[in-house]
file work_10.pdb (PDB, C-alpha atoms)
ATOM      1  CA  MET Z   1     161.907  74.512 126.820
ATOM      2  CA  SER Z   2     164.567  72.951 129.006
ATOM      3  CA  LYS Z   3     165.690  74.740 132.134
ATOM      4  CA  LEU Z   4     169.216  76.119 132.257
ATOM      5  CA  TRP Z   5     169.833  74.471 135.614
ATOM      6  CA  GLY Z   6     168.009  71.178 134.984
ATOM      7  CA  ALA Z   7     170.345  69.266 132.679
ATOM      8  CA  ARG Z   8     171.050  66.567 135.278
ATOM      9  CA  PHE Z   9     167.410  65.879 136.109
ATOM     10  CA  LYS Z  10     165.245  63.416 134.198
ATOM     11  CA  GLY Z  11     161.827  64.352 135.548
ATOM     12  CA  LYS Z  12     159.871  67.559 135.137
ATOM     13  CA  THR Z  13     159.360  70.038 137.931
ATOM     14  CA  ASP Z  14     155.907  70.505 139.381
ATOM     15  CA  LYS Z  15     153.925  73.414 137.915
ATOM     16  CA  LEU Z  16     153.493  74.926 141.374
ATOM     17  CA  ALA Z  17     157.268  74.881 141.885
ATOM     18  CA  ASP Z  18     157.708  76.561 138.496
ATOM     19  CA  GLN Z  19     155.201  79.267 139.404
ATOM     20  CA  PHE Z  20     157.019  79.863 142.669
ATOM     21  CA  THR Z  21     160.524  80.033 141.164
ATOM     22  CA  PHE Z  22     159.936  81.692 137.777
ATOM     23  CA  SER Z  23     160.641  85.412 138.013
ATOM     24  CA  ILE Z  24     159.587  86.666 134.568
ATOM     25  CA  ALA Z  25     156.354  88.103 136.015
ATOM     26  CA  TYR Z  26     158.391  90.902 137.585
ATOM     27  CA  ASP Z  27     161.952  90.794 136.242
ATOM     28  CA  TYR Z  28     160.793  91.620 132.701
ATOM     29  CA  ARG Z  29     161.456  95.216 133.831
ATOM     30  CA  LEU Z  30     165.180  94.427 133.660
ATOM     31  CA  ALA Z  31     165.070  93.481 129.955
ATOM     32  CA  LYS Z  32     166.497  96.738 128.620
ATOM     33  CA  TYR Z  33     169.309  96.684 131.160
ATOM     34  CA  ASP Z  34     170.056  93.032 130.527
ATOM     35  CA  VAL Z  35     170.508  93.758 126.816
ATOM     36  CA  VAL Z  36     172.587  96.903 127.356
ATOM     37  CA  GLY Z  37     174.880  95.032 129.762
ATOM     38  CA  SER Z  38     175.135  92.117 127.352
ATOM     39  CA  ILE Z  39     176.073  94.418 124.472
ATOM     40  CA  ALA Z  40     178.888  95.894 126.570
ATOM     41  CA  HIS Z  41     180.023  92.407 127.564
ATOM     42  CA  ALA Z  42     180.026  91.208 123.935
ATOM     43  CA  GLN Z  43     182.044  94.272 122.920
ATOM     44  CA  MET Z  44     184.619  93.456 125.586
ATOM     45  CA  LEU Z  45     184.784  89.786 124.577
ATOM     46  CA  GLY Z  46     185.451  90.718 120.957
ATOM     47  CA  HIS Z  47     187.865  93.535 121.748
ATOM     48  CA  GLN Z  48     189.947  91.326 124.049
ATOM     49  CA  GLY Z  49     189.984  88.471 121.538
ATOM     50  CA  ILE Z  50     188.215  86.157 123.968
ATOM     51  CA  ILE Z  51     185.704  85.278 121.261
ATOM     52  CA  PRO Z  52     186.080  85.907 117.529
ATOM     53  CA  LYS Z  53     185.183  89.468 116.535
ATOM     54  CA  SER Z  54     182.738  88.089 113.974
ATOM     55  CA  ASP Z  55     180.808  86.340 116.767
ATOM     56  CA  ALA Z  56     180.874  89.479 118.911
ATOM     57  CA  GLN Z  57     179.476  91.480 115.989
ATOM     58  CA  LYS Z  58     176.670  88.941 115.450
ATOM     59  CA  ILE Z  59     175.815  89.027 119.138
ATOM     60  CA  ILE Z  60     175.779  92.828 119.227
ATOM     61  CA  ALA Z  61     173.619  93.049 116.098
ATOM     62  CA  GLY Z  62     171.152  90.527 117.514
ATOM     63  CA  LEU Z  63     170.998  92.250 120.884
ATOM     64  CA  THR Z  64     170.515  95.633 119.228
ATOM     65  CA  LYS Z  65     167.511  94.241 117.364
ATOM     66  CA  ILE Z  66     166.116  92.794 120.596
ATOM     67  CA  LEU Z  67     166.653  96.134 122.368
ATOM     68  CA  SER Z  68     164.666  97.890 119.654
ATOM     69  CA  GLN Z  69     161.822  95.411 120.139
ATOM     70  CA  ILE Z  70     161.897  95.924 123.916
ATOM     71  CA  GLU Z  71     161.894  99.717 123.647
ATOM     72  CA  ALA Z  72     158.996  99.577 121.148
ATOM     73  CA  GLY Z  73     157.031  97.291 123.472
ATOM     74  CA  LYS Z  74     157.064  94.541 120.836
ATOM     75  CA  PHE Z  75     159.333  91.973 122.478
ATOM     76  CA  LYS Z  76     157.343  88.839 123.283
ATOM     77  CA  PHE Z  77     158.198  87.424 126.706
ATOM     78  CA  ASP Z  78     157.631  83.702 127.148
ATOM     79  CA  PRO Z  79     156.346  83.037 130.686
ATOM     80  CA  LYS Z  80     157.689  79.469 130.434
ATOM     81  CA  ALA Z  81     161.236  80.806 130.003
ATOM     82  CA  GLU Z  82     161.706  81.284 133.755
ATOM     83  CA  ASP Z  83     163.255  84.762 133.710
ATOM     84  CA  VAL Z  84     164.198  87.760 131.637
ATOM     85  CA  HIS Z  85     167.719  86.466 130.992
ATOM     86  CA  THR Z  86     166.479  83.188 129.521
ATOM     87  CA  ASN Z  87     163.932  85.065 127.397
ATOM     88  CA  ILE Z  88     166.615  87.267 125.902
ATOM     89  CA  GLN Z  89     169.117  84.432 125.439
ATOM     90  CA  THR Z  90     166.494  82.316 123.664
ATOM     91  CA  ALA Z  91     165.510  85.212 121.397
ATOM     92  CA  LEU Z  92     169.176  85.914 120.620
ATOM     93  CA  LYS Z  93     169.871  82.281 119.763
ATOM     94  CA  THR Z  94     166.820  82.240 117.484
ATOM     95  CA  LEU Z  95     168.148  85.339 115.700
ATOM     96  CA  ILE Z  96     171.835  84.498 115.323
ATOM     97  CA  GLY Z  97     172.275  80.801 116.103
ATOM     98  CA  GLN Z  98     175.144  79.167 117.999
ATOM     99  CA  SER Z  99     177.176  82.382 118.333
ATOM    100  CA  ALA Z 100     174.674  83.429 121.015
ATOM    101  CA  ASP Z 101     176.102  80.828 123.405
ATOM    102  CA  LYS Z 102     179.426  82.680 123.475
ATOM    103  CA  LEU Z 103     177.822  85.655 125.214
ATOM    104  CA  HIS Z 104     178.114  83.850 128.548
ATOM    105  CA  THR Z 105     181.883  83.515 128.309
ATOM    106  CA  ALA Z 106     183.622  85.040 131.368
ATOM    107  CA  ARG Z 107     180.366  86.123 133.026
ATOM    108  CA  SER Z 108     178.211  84.379 135.583
ATOM    109  CA  ARG Z 109     174.459  84.741 135.860
ATOM    110  CA  ASN Z 110     175.071  86.477 139.205
ATOM    111  CA  ASP Z 111     177.313  89.067 137.486
ATOM    112  CA  GLN Z 112     174.581  89.629 134.928
ATOM    113  CA  ILE Z 113     171.841  90.067 137.531
ATOM    114  CA  VAL Z 114     173.842  92.489 139.673
ATOM    115  CA  LEU Z 115     174.571  94.695 136.659
ATOM    116  CA  ASP Z 116     170.931  94.630 135.523
ATOM    117  CA  VAL Z 117     169.666  95.646 138.964
ATOM    118  CA  LYS Z 118     172.272  98.416 139.309
ATOM    119  CA  LEU Z 119     171.381  99.876 135.910
ATOM    120  CA  TYR Z 120     167.674  99.620 136.709
ATOM    121  CA  CYS Z 121     168.169 101.398 140.049
ATOM    122  CA  LEU Z 122     170.198 104.178 138.430
ATOM    123  CA  ASP Z 123     167.324 104.793 136.001
ATOM    124  CA  GLU Z 124     164.603 104.564 138.654
ATOM    125  CA  ILE Z 125     166.286 106.524 141.460
ATOM    126  CA  ASP Z 126     164.882 109.819 140.188
ATOM    127  CA  GLN Z 127     161.350 108.444 140.540
ATOM    128  CA  ILE Z 128     162.018 107.478 144.159
TER     129      ILE Z 128
END
call {"tool": "encode", "arguments": {"input": "work_10.pdb", "output": "structure tokens"}}
result
Amino acid sequence: MSKLWGARFKGKTDKLADQFTFSIAYDYRLAKYDVVGSIAHAQMLGHQGIIPKSDAQKIIAGLTKILSQIEAGKFKFDPKAEDVHTNIQTALKTLIGQSADKLHTARSRNDQIVLDVKLYCLDEIDQI
């Protein structure tokens, strides 16, 4: 699996560096929130005509299936996929194909992470 950020590099990263930088060991807890935020984003993209509505519908259907797997505890996280976002994006692309790439239109990874953490905190605040 190629890294999202490594397109310009020819060599592989050291396994120790991967272990240090990969966050899937703890950010898997954000999976539900990542999918919910992505569904809302896909709805907006389709509604605003930024991407074709047919692509937005495919993305939403794929994400809904992934959300069901996550909630049932059946989603398989790949530890080599760096983080929760890459895991979900890879699963979505496997399910629906090229339309999955349009999900990142008008949204940075930082936007995605901030939303995921905020939604997670809102759910967990009662436990604190």
call {"tool": "atom_distance", "arguments": {"input": "work_10.pdb", "atom1": "CA of Gly37 (chain Z)", "atom2": "CA of Ala25 (chain Z)"}}
result
20.7 Å
call {"tool": "atom_distance", "arguments": {"input": "work_10.pdb", "atom1": "CA of Ile24 (chain Z)", "atom2": "CA of Ile88 (chain Z)"}}
result
11.2 Å
call {"tool": "resolve_selection", "arguments": {"input": "work_10.pdb", "expression": "the PyMOL selection byres ((chain Z and resi 56-73) around 12)", "output": "compact mmCIF listing (two decimals) with C-alpha atoms, in the coordinates of the input"}}
result
# COMPACT_ATOMS: atom_id res chain seq x y z
CA TYR Z 28 160.79 91.62 132.70
CA ARG Z 29 161.46 95.22 133.83
CA LEU Z 30 165.18 94.43 133.66
CA ALA Z 31 165.07 93.48 129.96
CA LYS Z 32 166.50 96.74 128.62
CA TYR Z 33 169.31 96.68 131.16
CA ASP Z 34 170.06 93.03 130.53
CA VAL Z 35 170.51 93.76 126.82
CA VAL Z 36 172.59 96.90 127.36
CA GLY Z 37 174.88 95.03 129.76
CA SER Z 38 175.14 92.12 127.35
CA ILE Z 39 176.07 94.42 124.47
CA ALA Z 40 178.89 95.89 126.57
CA HIS Z 41 180.02 92.41 127.56
CA ALA Z 42 180.03 91.21 123.94
CA GLN Z 43 182.04 94.27 122.92
CA MET Z 44 184.62 93.46 125.59
CA LEU Z 45 184.78 89.79 124.58
CA GLY Z 46 185.45 90.72 120.96
CA HIS Z 47 187.86 93.54 121.75
CA GLN Z 48 189.95 91.33 124.05
CA GLY Z 49 189.98 88.47 121.54
CA ILE Z 50 188.22 86.16 123.97
CA ILE Z 51 185.70 85.28 121.26
CA PRO Z 52 186.08 85.91 117.53
CA LYS Z 53 185.18 89.47 116.54
CA SER Z 54 182.74 88.09 113.97
CA ASP Z 55 180.81 86.34 116.77
CA LYS Z 74 157.06 94.54 120.84
CA PHE Z 75 159.33 91.97 122.48
CA LYS Z 76 157.34 88.84 123.28
CA PHE Z 77 158.20 87.42 126.71
CA VAL Z 84 164.20 87.76 131.64
CA ASN Z 87 163.93 85.06 127.40
CA ILE Z 88 166.62 87.27 125.90
CA GLN Z 89 169.12 84.43 125.44
CA THR Z 90 166.49 82.32 123.66
CA ALA Z 91 165.51 85.21 121.40
CA LEU Z 92 169.18 85.91 120.62
CA LYS Z 93 169.87 82.28 119.76
CA THR Z 94 166.82 82.24 117.48
CA LEU Z 95 168.15 85.34 115.70
CA ILE Z 96 171.84 84.50 115.32
CA GLY Z 97 172.28 80.80 116.10
CA GLN Z 98 175.14 79.17 118.00
CA SER Z 99 177.18 82.38 118.33
CA ALA Z 100 174.67 83.43 121.02
CA ASP Z 101 176.10 80.83 123.40
CA LYS Z 102 179.43 82.68 123.48
CA LEU Z 103 177.82 85.66 125.21
CA HIS Z 104 178.11 83.85 128.55
CA THR Z 105 181.88 83.52 128.31
call {"tool": "atom_distance", "arguments": {"input": "work_10.pdb", "atom1": "CA of Asp27 (chain Z)", "atom2": "CA of Glu82 (chain Z)"}}
result
9.8 Å
call {"tool": "axis_aligned_box", "arguments": {"input": "work_10.pdb", "around": "region 50-63 of chain Z", "padding_each_side": "5 Å", "output": "JSON"}}
result
{"center_x": 179.6, "center_y": 89.2, "center_z": 119.0, "size_x": 27.2, "size_y": 17.8, "size_z": 20.0}
call {"tool": "closest_residue", "arguments": {"input": "work_10.pdb", "among": "Z:Arg109, Z:Lys118, Z:Lys80, Z:His85", "to": "Lys15 (chain Z)", "atoms": "all atoms listed in the file"}}
result
Z:Lys80
